[in-house]
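Engineer: The structure's right below; bear with me while I get my questions together.
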Amino acid sequence: MPESSAAMPAHHQPSQDDTVLFTEKLWPGFWIWLVAAGLAGAGILVFAPISTAAGFTAAAVLFAIEAALLILSTPAVTVTTRTLQVGRASIERGLIGKVEAFRDKEATAERGTRLNGLAYLCIRGWIDPVVRIEIKDPSDPTPYWLTSTRRPDELVAALT
């Protein structure tokens with residue numbers, strides 16, 4: 001479900017004639033949170049010889065820091081009638097060419113053997129599908145953007 005423009009930072013709010021067509025936050029998957037909890041739990045092992053309370057306190061603080069970093073580093077993909085924003089990068093829709101979605105082995109190849117070193121990447125290892133967005137700006141050496149998305153068909157539809 002698209003977020004309302006009120007949920008967007010003030011400097012990224014679309015104008016009244018710039019409707020949001022697609023938005024997605026690339027949140028960490030469940031297993032990433034389990035890994036974070038496991039790493040935080042190591043704090044118990046380190047500080048338990050001093051005191052059990054210190055061990056549990058260290059684990060709680062470590063998990064809070066890990067959670068804050070995961071949340072703050074979660075990028076968004078937003079398509080409006082005029083722009084595309086992927087993470088910190090933004091481009092006018094008129095400079096976008098061919099848009100393709102890839103899944104499974106094809107997505108792995110796009111992130112690996114077929115990857116152009118000049119491409120802009122916003123990929124997350126816990127999200128398999130990717131969308132390749134061709135950039136037609138003659139002044140930009142970036143051939144395409146490659147972004148992870150859990151809803152590749154919706155993103156492609158919003159961009160075409």
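Each chain of the structure tokens is named A, B, ... in the order shown, its residues numbered from 1; ligands are numbered from 1 in display order.
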Would you pick out the contacts of Gly87 of chain A at 7 Å or less, using only C-alpha atoms, so that residues sharing its chain but fewer than 3 positions from it are not included, and give the list as a PDB file with N, CA and C atoms, in the first residue's frame?
Structural biologist:
ATOM      1  N   PRO A  75      16.734   1.741   2.731  1.00  0.00           N
ATOM      2  CA  PRO A  75      16.380   2.676   1.668  1.00  0.00           C
ATOM      3  C   PRO A  75      14.926   2.509   1.214  1.00  0.00           C
ATOM      4  N   ALA A  76      14.440   3.508   0.505  1.00  0.00           N
ATOM      5  CA  ALA A  76      13.093   3.463  -0.067  1.00  0.00           C
ATOM      6  C   ALA A  76      13.191   3.583  -1.574  1.00  0.00           C
ATOM      7  N   VAL A  77      12.227   2.991  -2.254  1.00  0.00           N
ATOM      8  CA  VAL A  77      12.064   3.143  -3.703  1.00  0.00           C
ATOM      9  C   VAL A  77      10.717   3.834  -3.890  1.00  0.00           C
ATOM     10  N   CYS A 122      21.323  -0.340  -5.578  1.00  0.00           N
ATOM     11  CA  CYS A 122      20.613  -0.265  -4.300  1.00  0.00           C
ATOM     12  C   CYS A 122      20.043  -1.660  -4.083  1.00  0.00           C
TER      13      CYS A 122
END
Engineer: Among segment 45-124 of chain A, which residues carry a DSSP assignment of strand (DSSP E), reported as an MDAnalysis selection string?
Structural biologist: chainID A and resid 76:80 83:86 89:92 96:102 120:122
Engineer: Put those residues in a file: N, CA and C atoms, as a PDB file, in the first residue's frame.
Structural biologist:
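result_24.pdb, freshly written:
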ATOM      1  N   ALA A  76      14.440   3.508   0.505  1.00  0.00           N
ATOM      2  CA  ALA A  76      13.093   3.463  -0.067  1.00  0.00           C
ATOM      3  C   ALA A  76      13.191   3.583  -1.574  1.00  0.00           C
ATOM      4  N   VAL A  77      12.227   2.991  -2.254  1.00  0.00           N
ATOM      5  CA  VAL A  77      12.064   3.143  -3.703  1.00  0.00           C
ATOM      6  C   VAL A  77      10.717   3.834  -3.890  1.00  0.00           C
ATOM      7  N   THR A  78      10.738   5.015  -4.514  1.00  0.00           N
ATOM      8  CA  THR A  78       9.518   5.787  -4.703  1.00  0.00           C
ATOM      9  C   THR A  78       9.411   6.253  -6.145  1.00  0.00           C
ATOM     10  N   VAL A  79       8.259   5.983  -6.752  1.00  0.00           N
ATOM     11  CA  VAL A  79       7.970   6.437  -8.114  1.00  0.00           C
ATOM     12  C   VAL A  79       6.822   7.426  -8.028  1.00  0.00           C
ATOM     13  N   THR A  80       7.039   8.612  -8.592  1.00  0.00           N
ATOM     14  CA  THR A  80       5.958   9.586  -8.710  1.00  0.00           C
ATOM     15  C   THR A  80       5.704   9.815 -10.195  1.00  0.00           C
ATOM     16  N   THR A  83       9.182  11.722 -10.994  1.00  0.00           N
ATOM     17  CA  THR A  83      10.518  11.299 -10.591  1.00  0.00           C
ATOM     18  C   THR A  83      10.545   9.850 -10.116  1.00  0.00           C
ATOM     19  N   LEU A  84      11.766   9.329 -10.085  1.00  0.00           N
ATOM     20  CA  LEU A  84      12.061   8.033  -9.466  1.00  0.00           C
ATOM     21  C   LEU A  84      13.133   8.301  -8.429  1.00  0.00           C
ATOM     22  N   GLN A  85      12.915   7.822  -7.217  1.00  0.00           N
ATOM     23  CA  GLN A  85      13.934   7.921  -6.182  1.00  0.00           C
ATOM     24  C   GLN A  85      14.223   6.524  -5.670  1.00  0.00           C
ATOM     25  N   VAL A  86      15.502   6.155  -5.713  1.00  0.00           N
ATOM     26  CA  VAL A  86      15.964   4.867  -5.222  1.00  0.00           C
ATOM     27  C   VAL A  86      17.075   5.151  -4.222  1.00  0.00           C
ATOM     28  N   ALA A  89      19.435   8.386  -4.492  1.00  0.00           N
ATOM     29  CA  ALA A  89      19.483   8.864  -5.872  1.00  0.00           C
ATOM     30  C   ALA A  89      18.088   9.171  -6.395  1.00  0.00           C
ATOM     31  N   SER A  90      18.005  10.214  -7.212  1.00  0.00           N
ATOM     32  CA  SER A  90      16.724  10.622  -7.786  1.00  0.00           C
ATOM     33  C   SER A  90      16.942  11.008  -9.239  1.00  0.00           C
ATOM     34  N   ILE A  91      15.948  10.730 -10.089  1.00  0.00           N
ATOM     35  CA  ILE A  91      16.054  11.053 -11.510  1.00  0.00           C
ATOM     36  C   ILE A  91      14.666  11.372 -12.046  1.00  0.00           C
ATOM     37  N   GLU A  92      14.626  12.225 -13.043  1.00  0.00           N
ATOM     38  CA  GLU A  92      13.358  12.547 -13.699  1.00  0.00           C
ATOM     39  C   GLU A  92      12.922  11.354 -14.534  1.00  0.00           C
ATOM     40  N   ILE A  96      14.405   7.949 -18.072  1.00  0.00           N
ATOM     41  CA  ILE A  96      14.380   6.502 -17.852  1.00  0.00           C
ATOM     42  C   ILE A  96      14.039   5.794 -19.157  1.00  0.00           C
ATOM     43  N   GLY A  97      14.807   4.752 -19.452  1.00  0.00           N
ATOM     44  CA  GLY A  97      14.549   3.946 -20.646  1.00  0.00           C
ATOM     45  C   GLY A  97      13.856   2.650 -20.288  1.00  0.00           C
ATOM     46  N   LYS A  98      14.387   1.556 -20.815  1.00  0.00           N
ATOM     47  CA  LYS A  98      13.811   0.232 -20.613  1.00  0.00           C
ATOM     48  C   LYS A  98      13.902  -0.187 -19.141  1.00  0.00           C
ATOM     49  N   VAL A  99      12.829  -0.815 -18.649  1.00  0.00           N
ATOM     50  CA  VAL A  99      12.757  -1.278 -17.263  1.00  0.00           C
ATOM     51  C   VAL A  99      12.436  -2.772 -17.289  1.00  0.00           C
ATOM     52  N   GLU A 100      13.265  -3.572 -16.592  1.00  0.00           N
ATOM     53  CA  GLU A 100      13.071  -5.024 -16.591  1.00  0.00           C
ATOM     54  C   GLU A 100      13.188  -5.585 -15.179  1.00  0.00           C
ATOM     55  N   ALA A 101      12.367  -6.573 -14.876  1.00  0.00           N
ATOM     56  CA  ALA A 101      12.415  -7.273 -13.593  1.00  0.00           C
ATOM     57  C   ALA A 101      13.115  -8.617 -13.771  1.00  0.00           C
ATOM     58  N   PHE A 102      13.850  -9.031 -12.741  1.00  0.00           N
ATOM     59  CA  PHE A 102      14.562 -10.302 -12.759  1.00  0.00           C
ATOM     60  C   PHE A 102      14.361 -11.010 -11.430  1.00  0.00           C
ATOM     61  N   TYR A 120      24.411   2.106 -10.936  1.00  0.00           N
ATOM     62  CA  TYR A 120      24.054   2.526  -9.582  1.00  0.00           C
ATOM     63  C   TYR A 120      23.325   1.358  -8.931  1.00  0.00           C
ATOM     64  N   LEU A 121      23.771   0.970  -7.737  1.00  0.00           N
ATOM     65  CA  LEU A 121      23.185  -0.188  -7.057  1.00  0.00           C
ATOM     66  C   LEU A 121      22.492   0.209  -5.764  1.00  0.00           C
ATOM     67  N   CYS A 122      21.323  -0.340  -5.578  1.00  0.00           N
ATOM     68  CA  CYS A 122      20.613  -0.265  -4.300  1.00  0.00           C
ATOM     69  C   CYS A 122      20.043  -1.660  -4.083  1.00  0.00           C
TER      70      CYS A 122
END
Engineer: Which of these, A:Arg88, A:Val131, A:Thr57, A:Thr81, has the shortest distance to Thr19 of chain A once you count only C-alpha atoms?
Structural biologist: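 Closest to Thr19 of chain A of all the choices is A:Thr81.
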Engineer: How far is it from atom CA of Ala36 of chain A to atom CA of Leu62 of chain A, in Å with one decimal?
Structural biologist: 8.7 Å
Engineer: Rounded to one decimal place, report the atom CA of Pro49 of chain A-atom CA of Leu34 of chain A distance in Å.
Structural biologist: 24.4 Å
Engineer: Counting only C-alpha atoms, what is within 9 Å of Val46 of chain A, bar same-chain residues fewer than 3 positions away, as a ChimeraX atom specification?
Structural biologist: /A:42-43,49-50,55,58
Engineer: So how many Å separate atom CA of Tyr144 of chain A and atom CA of Thr160 of chain A, to one decimal?
Structural biologist: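 Pair atom CA of Tyr144 of chain A / atom CA of Thr160 of chain A returns 15.3 Å.
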Engineer: Write out as a list in words the residues lying within 7 Å of Phe63 of chain A, counting only C-alpha atoms and excluding same-chain residues fewer than 3 positions away.
Structural biologist: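 Everything that qualifies: Ala36, Ala37, Ala40, Ala59, Ala60, Glu66 and Ala67 of chain A.
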Engineer: Could you pull the residues within 12 Å of Arg111 of chain A, counting only C-alpha atoms, minus those fewer than 3 positions along the same chain, as a PDB file with N, CA and C atoms, in the first residue's frame?
Structural biologist:
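Result file is selection.pdb:
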ATOM      1  N   PHE A 102      13.850  -9.031 -12.741  1.00  0.00           N
ATOM      2  CA  PHE A 102      14.562 -10.302 -12.759  1.00  0.00           C
ATOM      3  C   PHE A 102      14.361 -11.010 -11.430  1.00  0.00           C
ATOM      4  N   ARG A 103      14.222 -12.336 -11.501  1.00  0.00           N
ATOM      5  CA  ARG A 103      14.044 -13.158 -10.303  1.00  0.00           C
ATOM      6  C   ARG A 103      14.985 -14.364 -10.365  1.00  0.00           C
ATOM      7  N   ASP A 104      15.211 -14.950  -9.219  1.00  0.00           N
ATOM      8  CA  ASP A 104      15.956 -16.196  -9.073  1.00  0.00           C
ATOM      9  C   ASP A 104      17.328 -16.140  -9.745  1.00  0.00           C
ATOM     10  N   LYS A 105      17.631 -17.086 -10.646  1.00  0.00           N
ATOM     11  CA  LYS A 105      18.953 -17.144 -11.277  1.00  0.00           C
ATOM     12  C   LYS A 105      19.244 -15.911 -12.126  1.00  0.00           C
ATOM     13  N   GLU A 106      18.222 -15.380 -12.766  1.00  0.00           N
ATOM     14  CA  GLU A 106      18.412 -14.165 -13.574  1.00  0.00           C
ATOM     15  C   GLU A 106      18.780 -12.979 -12.681  1.00  0.00           C
ATOM     16  N   ALA A 107      18.150 -12.878 -11.518  1.00  0.00           N
ATOM     17  CA  ALA A 107      18.470 -11.801 -10.578  1.00  0.00           C
ATOM     18  C   ALA A 107      19.901 -11.959 -10.067  1.00  0.00           C
ATOM     19  N   THR A 108      20.305 -13.181  -9.795  1.00  0.00           N
ATOM     20  CA  THR A 108      21.677 -13.440  -9.354  1.00  0.00           C
ATOM     21  C   THR A 108      22.671 -13.016 -10.424  1.00  0.00           C
ATOM     22  N   ARG A 114      26.559 -10.320 -14.935  1.00  0.00           N
ATOM     23  CA  ARG A 114      26.107  -9.345 -15.937  1.00  0.00           C
ATOM     24  C   ARG A 114      26.170  -7.901 -15.437  1.00  0.00           C
ATOM     25  N   LEU A 115      26.643  -7.696 -14.221  1.00  0.00           N
ATOM     26  CA  LEU A 115      26.661  -6.370 -13.626  1.00  0.00           C
ATOM     27  C   LEU A 115      27.669  -5.458 -14.318  1.00  0.00           C
ATOM     28  N   ASN A 116      27.223  -4.271 -14.686  1.00  0.00           N
ATOM     29  CA  ASN A 116      28.104  -3.251 -15.240  1.00  0.00           C
ATOM     30  C   ASN A 116      28.684  -2.471 -14.063  1.00  0.00           C
ATOM     31  N   GLY A 117      29.995  -2.293 -14.064  1.00  0.00           N
ATOM     32  CA  GLY A 117      30.678  -1.609 -12.969  1.00  0.00           C
ATOM     33  C   GLY A 117      30.259  -0.157 -12.783  1.00  0.00           C
ATOM     34  N   ALA A 119      27.072   0.860 -13.024  1.00  0.00           N
ATOM     35  CA  ALA A 119      25.664   0.892 -12.620  1.00  0.00           C
ATOM     36  C   ALA A 119      25.518   1.414 -11.190  1.00  0.00           C
ATOM     37  N   TYR A 120      24.411   2.106 -10.936  1.00  0.00           N
ATOM     38  CA  TYR A 120      24.054   2.526  -9.582  1.00  0.00           C
ATOM     39  C   TYR A 120      23.325   1.358  -8.931  1.00  0.00           C
ATOM     40  N   LEU A 121      23.771   0.970  -7.737  1.00  0.00           N
ATOM     41  CA  LEU A 121      23.185  -0.188  -7.057  1.00  0.00           C
ATOM     42  C   LEU A 121      22.492   0.209  -5.764  1.00  0.00           C
ATOM     43  N   CYS A 122      21.323  -0.340  -5.578  1.00  0.00           N
ATOM     44  CA  CYS A 122      20.613  -0.265  -4.300  1.00  0.00           C
ATOM     45  C   CYS A 122      20.043  -1.660  -4.083  1.00  0.00           C
ATOM     46  N   ILE A 123      20.942  -2.583  -3.756  1.00  0.00           N
ATOM     47  CA  ILE A 123      20.525  -3.981  -3.622  1.00  0.00           C
ATOM     48  C   ILE A 123      20.700  -4.430  -2.184  1.00  0.00           C
ATOM     49  N   ARG A 124      19.821  -5.316  -1.776  1.00  0.00           N
ATOM     50  CA  ARG A 124      19.850  -5.891  -0.442  1.00  0.00           C
ATOM     51  C   ARG A 124      19.875  -7.407  -0.592  1.00  0.00           C
ATOM     52  N   GLY A 125      20.812  -8.050   0.074  1.00  0.00           N
ATOM     53  CA  GLY A 125      21.000  -9.490  -0.041  1.00  0.00           C
ATOM     54  C   GLY A 125      19.807 -10.311   0.413  1.00  0.00           C
ATOM     55  N   ILE A 127      16.708  -9.627  -0.270  1.00  0.00           N
ATOM     56  CA  ILE A 127      15.602  -9.476  -1.224  1.00  0.00           C
ATOM     57  C   ILE A 127      16.085 -10.008  -2.568  1.00  0.00           C
ATOM     58  N   ASP A 128      15.473 -11.084  -3.066  1.00  0.00           N
ATOM     59  CA  ASP A 128      15.954 -11.726  -4.287  1.00  0.00           C
ATOM     60  C   ASP A 128      15.643 -10.944  -5.568  1.00  0.00           C
ATOM     61  N   PRO A 129      14.407 -10.544  -5.832  1.00  0.00           N
ATOM     62  CA  PRO A 129      14.132  -9.894  -7.122  1.00  0.00           C
ATOM     63  C   PRO A 129      14.840  -8.540  -7.242  1.00  0.00           C
ATOM     64  N   VAL A 130      15.237  -8.231  -8.469  1.00  0.00           N
ATOM     65  CA  VAL A 130      15.814  -6.920  -8.770  1.00  0.00           C
ATOM     66  C   VAL A 130      15.140  -6.354 -10.014  1.00  0.00           C
ATOM     67  N   VAL A 131      15.195  -5.035 -10.136  1.00  0.00           N
ATOM     68  CA  VAL A 131      14.699  -4.353 -11.325  1.00  0.00           C
ATOM     69  C   VAL A 131      15.847  -3.526 -11.890  1.00  0.00           C
ATOM     70  N   ARG A 132      16.076  -3.672 -13.193  1.00  0.00           N
ATOM     71  CA  ARG A 132      17.100  -2.884 -13.894  1.00  0.00           C
ATOM     72  C   ARG A 132      16.398  -1.752 -14.625  1.00  0.00           C
ATOM     73  N   TRP A 145      20.273   1.697 -13.343  1.00  0.00           N
ATOM     74  CA  TRP A 145      20.166   1.498 -11.894  1.00  0.00           C
ATOM     75  C   TRP A 145      19.677   0.081 -11.683  1.00  0.00           C
ATOM     76  N   LEU A 146      20.187  -0.568 -10.638  1.00  0.00           N
ATOM     77  CA  LEU A 146      19.736  -1.894 -10.271  1.00  0.00           C
ATOM     78  C   LEU A 146      19.288  -1.826  -8.818  1.00  0.00           C
ATOM     79  N   THR A 147      18.019  -2.124  -8.587  1.00  0.00           N
ATOM     80  CA  THR A 147      17.485  -2.043  -7.237  1.00  0.00           C
ATOM     81  C   THR A 147      16.754  -3.324  -6.849  1.00  0.00           C
ATOM     82  N   SER A 148      16.902  -3.681  -5.600  1.00  0.00           N
ATOM     83  CA  SER A 148      16.122  -4.783  -5.040  1.00  0.00           C
ATOM     84  C   SER A 148      14.696  -4.303  -4.836  1.00  0.00           C
TER      85      SER A 148
END
Engineer: Looking at only C-alpha atoms, which of A:Ala68, A:Arg150, A:Glu134, A:Leu95 is the one that sits closest to Trp33 of chain A?
Structural biologist: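 Using only C-alpha atoms, Trp33 of chain A sits closest to A:Ala68.
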Engineer: Using only C-alpha atoms, find the one residue out of A:Thr23, A:Thr149, A:Ser73, A:Thr52 that sits nearest to Trp126 of chain A.
Structural biologist: A:Thr149
